[in-house]
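Each remark here refers to the structure printed beneath this line.
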Amino acid sequence: MNRLLISVLLGLLVWNVSTALLIDLYVPSPCDVSGRCDGDMIFTLKVVGLWLGMFWVSSVGVLLYNVARWQRDWRLHQQGAR
C-alpha cells in the first residue's frame, strides 16, 4: 500500500510541475504591458486543456507502474506457492 501511495504522490508532483512548465512555456499571457487583457477565454481553455491533458498522461504512467508491480508481485506469489 505504501508503494501505491508514493507512486500516486509522485504522479501528482510530476503532473503539477510539468503542467506549470508547459503553461509557462507554451501559453502566452493575454495581458499586455498596460494591463489590458484580451482573449481571456482562449487563455483559460489552453491552460485547462494542458492541465487536464497532463493529468491524464501522469495518471496513465502511475497506473501502468502499479499494474506492472502488482503483476510482478502476483507472479512471485504464485512461484512461492508451488
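Order determines the names: the first chain of the C-alpha cells is A, the second B, and so forth; residues in each chain are numbered 1 upward, and ligands are numbered 1 upward as they are shown.
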Stretch 55-74 of chain A residues near stretch 13-21 of chain A within 10 Å, closest pair each, using only C-alpha atoms, as JSON lines:
```
{"residue": "A:Phe55", "atom": "CA", "partner": "A:Trp15", "partner_atom": "CA", "distance": 5.8}
{"residue": "A:Trp56", "atom": "CA", "partner": "A:Trp15", "partner_atom": "CA", "distance": 8.9}
{"residue": "A:Val57", "atom": "CA", "partner": "A:Trp15", "partner_atom": "CA", "distance": 8.2}
{"residue": "A:Ser58", "atom": "CA", "partner": "A:Trp15", "partner_atom": "CA", "distance": 5.8}
{"residue": "A:Ser59", "atom": "CA", "partner": "A:Trp15", "partner_atom": "CA", "distance": 8.6}
```
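Each of A:Asp24, A:Leu63, A:Trp70, A:Arg75 was compared to A:Gly11 using only C-alpha atoms, and A:Leu63 turns out to be the nearest.
Between atom CA of A:Cys37 and atom CA of A:Met54 there is a distance of 26.1 Å.
Between atom CA of A:His77 and atom CA of A:Tyr65 the interatomic distance comes to 18.3 Å.
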For atom CA of A:Leu25 and atom CA of A:Phe43, the interatomic separation in Å (one decimal): 13.1 Å
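Residue nearest A:Pro28, chosen from A:Met41, A:Gly53, A:Gly80, A:Lys46 and counting only C-alpha atoms: A:Lys46.
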What parts of chain A does DSSP call helix (DSSP H, G or I)? I'd like the answer as a short mmCIF file (atom, residue, chain, number, x, y, z; two decimals) with C-alpha atoms, in the first residue's frame.
```cif
data_model
loop_
_atom_site.label_atom_id
_atom_site.label_comp_id
_atom_site.auth_asym_id
_atom_site.auth_seq_id
_atom_site.Cartn_x
_atom_site.Cartn_y
_atom_site.Cartn_z
CA ASN A 2 2.89 2.36 0.66
CA ARG A 3 4.20 1.92 -2.89
CA LEU A 4 0.79 2.86 -4.25
CA LEU A 5 0.62 6.00 -2.13
CA ILE A 6 4.17 7.01 -3.03
CA SER A 7 3.58 6.45 -6.75
CA VAL A 8 0.35 8.48 -6.64
CA LEU A 9 2.08 11.33 -4.79
CA LEU A 10 4.99 11.29 -7.25
CA GLY A 11 2.50 11.28 -10.12
CA LEU A 12 0.76 14.33 -8.67
CA LEU A 13 4.10 16.09 -8.23
CA VAL A 14 5.10 15.32 -11.83
CA TRP A 15 1.68 16.48 -13.00
CA ASN A 16 1.90 19.81 -11.18
CA VAL A 17 5.48 20.58 -12.20
CA SER A 18 5.12 19.52 -15.83
CA THR A 19 1.85 21.40 -16.23
CA ALA A 20 3.31 24.56 -14.71
CA LEU A 21 6.32 24.37 -17.02
CA LEU A 22 4.21 23.72 -20.13
CA ILE A 23 1.84 26.55 -19.30
CA ASP A 24 4.76 28.89 -18.67
CA LEU A 25 6.42 27.92 -21.97
CA TYR A 26 3.53 27.49 -24.38
CA ASP A 40 -9.14 35.57 -21.57
CA MET A 41 -11.37 32.67 -22.66
CA ILE A 42 -8.82 31.27 -25.10
CA PHE A 43 -6.11 31.60 -22.44
CA THR A 44 -8.29 29.78 -19.92
CA LEU A 45 -9.12 26.99 -22.36
CA LYS A 46 -5.44 26.46 -23.20
CA VAL A 47 -4.49 26.33 -19.53
CA VAL A 48 -7.33 23.96 -18.61
CA GLY A 49 -6.59 21.79 -21.65
CA LEU A 50 -2.92 21.44 -20.72
CA TRP A 51 -3.83 20.87 -17.08
CA LEU A 52 -6.27 18.06 -17.85
CA GLY A 53 -4.09 16.55 -20.55
CA MET A 54 -1.07 16.33 -18.29
CA PHE A 55 -3.26 14.90 -15.53
CA TRP A 56 -4.29 12.00 -17.76
CA VAL A 57 -0.74 11.43 -19.02
CA SER A 58 0.53 11.30 -15.42
CA SER A 59 -2.36 9.05 -14.37
CA VAL A 60 -1.62 6.56 -17.12
CA GLY A 61 2.03 6.44 -16.04
CA VAL A 62 1.11 5.80 -12.41
CA LEU A 63 -1.47 3.18 -13.38
CA LEU A 64 0.93 1.30 -15.65
CA TYR A 65 3.62 1.33 -12.96
CA ASN A 66 1.23 -0.10 -10.36
CA VAL A 67 -0.20 -2.73 -12.70
CA ALA A 68 3.33 -3.90 -13.52
CA ARG A 69 4.19 -4.06 -9.81
CA TRP A 70 1.00 -5.98 -8.98
CA GLN A 71 1.67 -8.47 -11.79
CA ARG A 72 5.24 -8.96 -10.60
CA ASP A 73 4.11 -9.47 -7.01
CA TRP A 74 1.41 -11.92 -8.19
CA ARG A 75 3.94 -13.93 -10.21
CA LEU A 76 6.31 -14.08 -7.25
CA HIS A 77 3.43 -15.16 -5.01
CA GLN A 78 2.45 -17.91 -7.46
CA GLN A 79 6.02 -19.18 -7.70
CA GLY A 80 6.30 -19.27 -3.92
CA ALA A 81 3.07 -21.29 -3.61
#
```
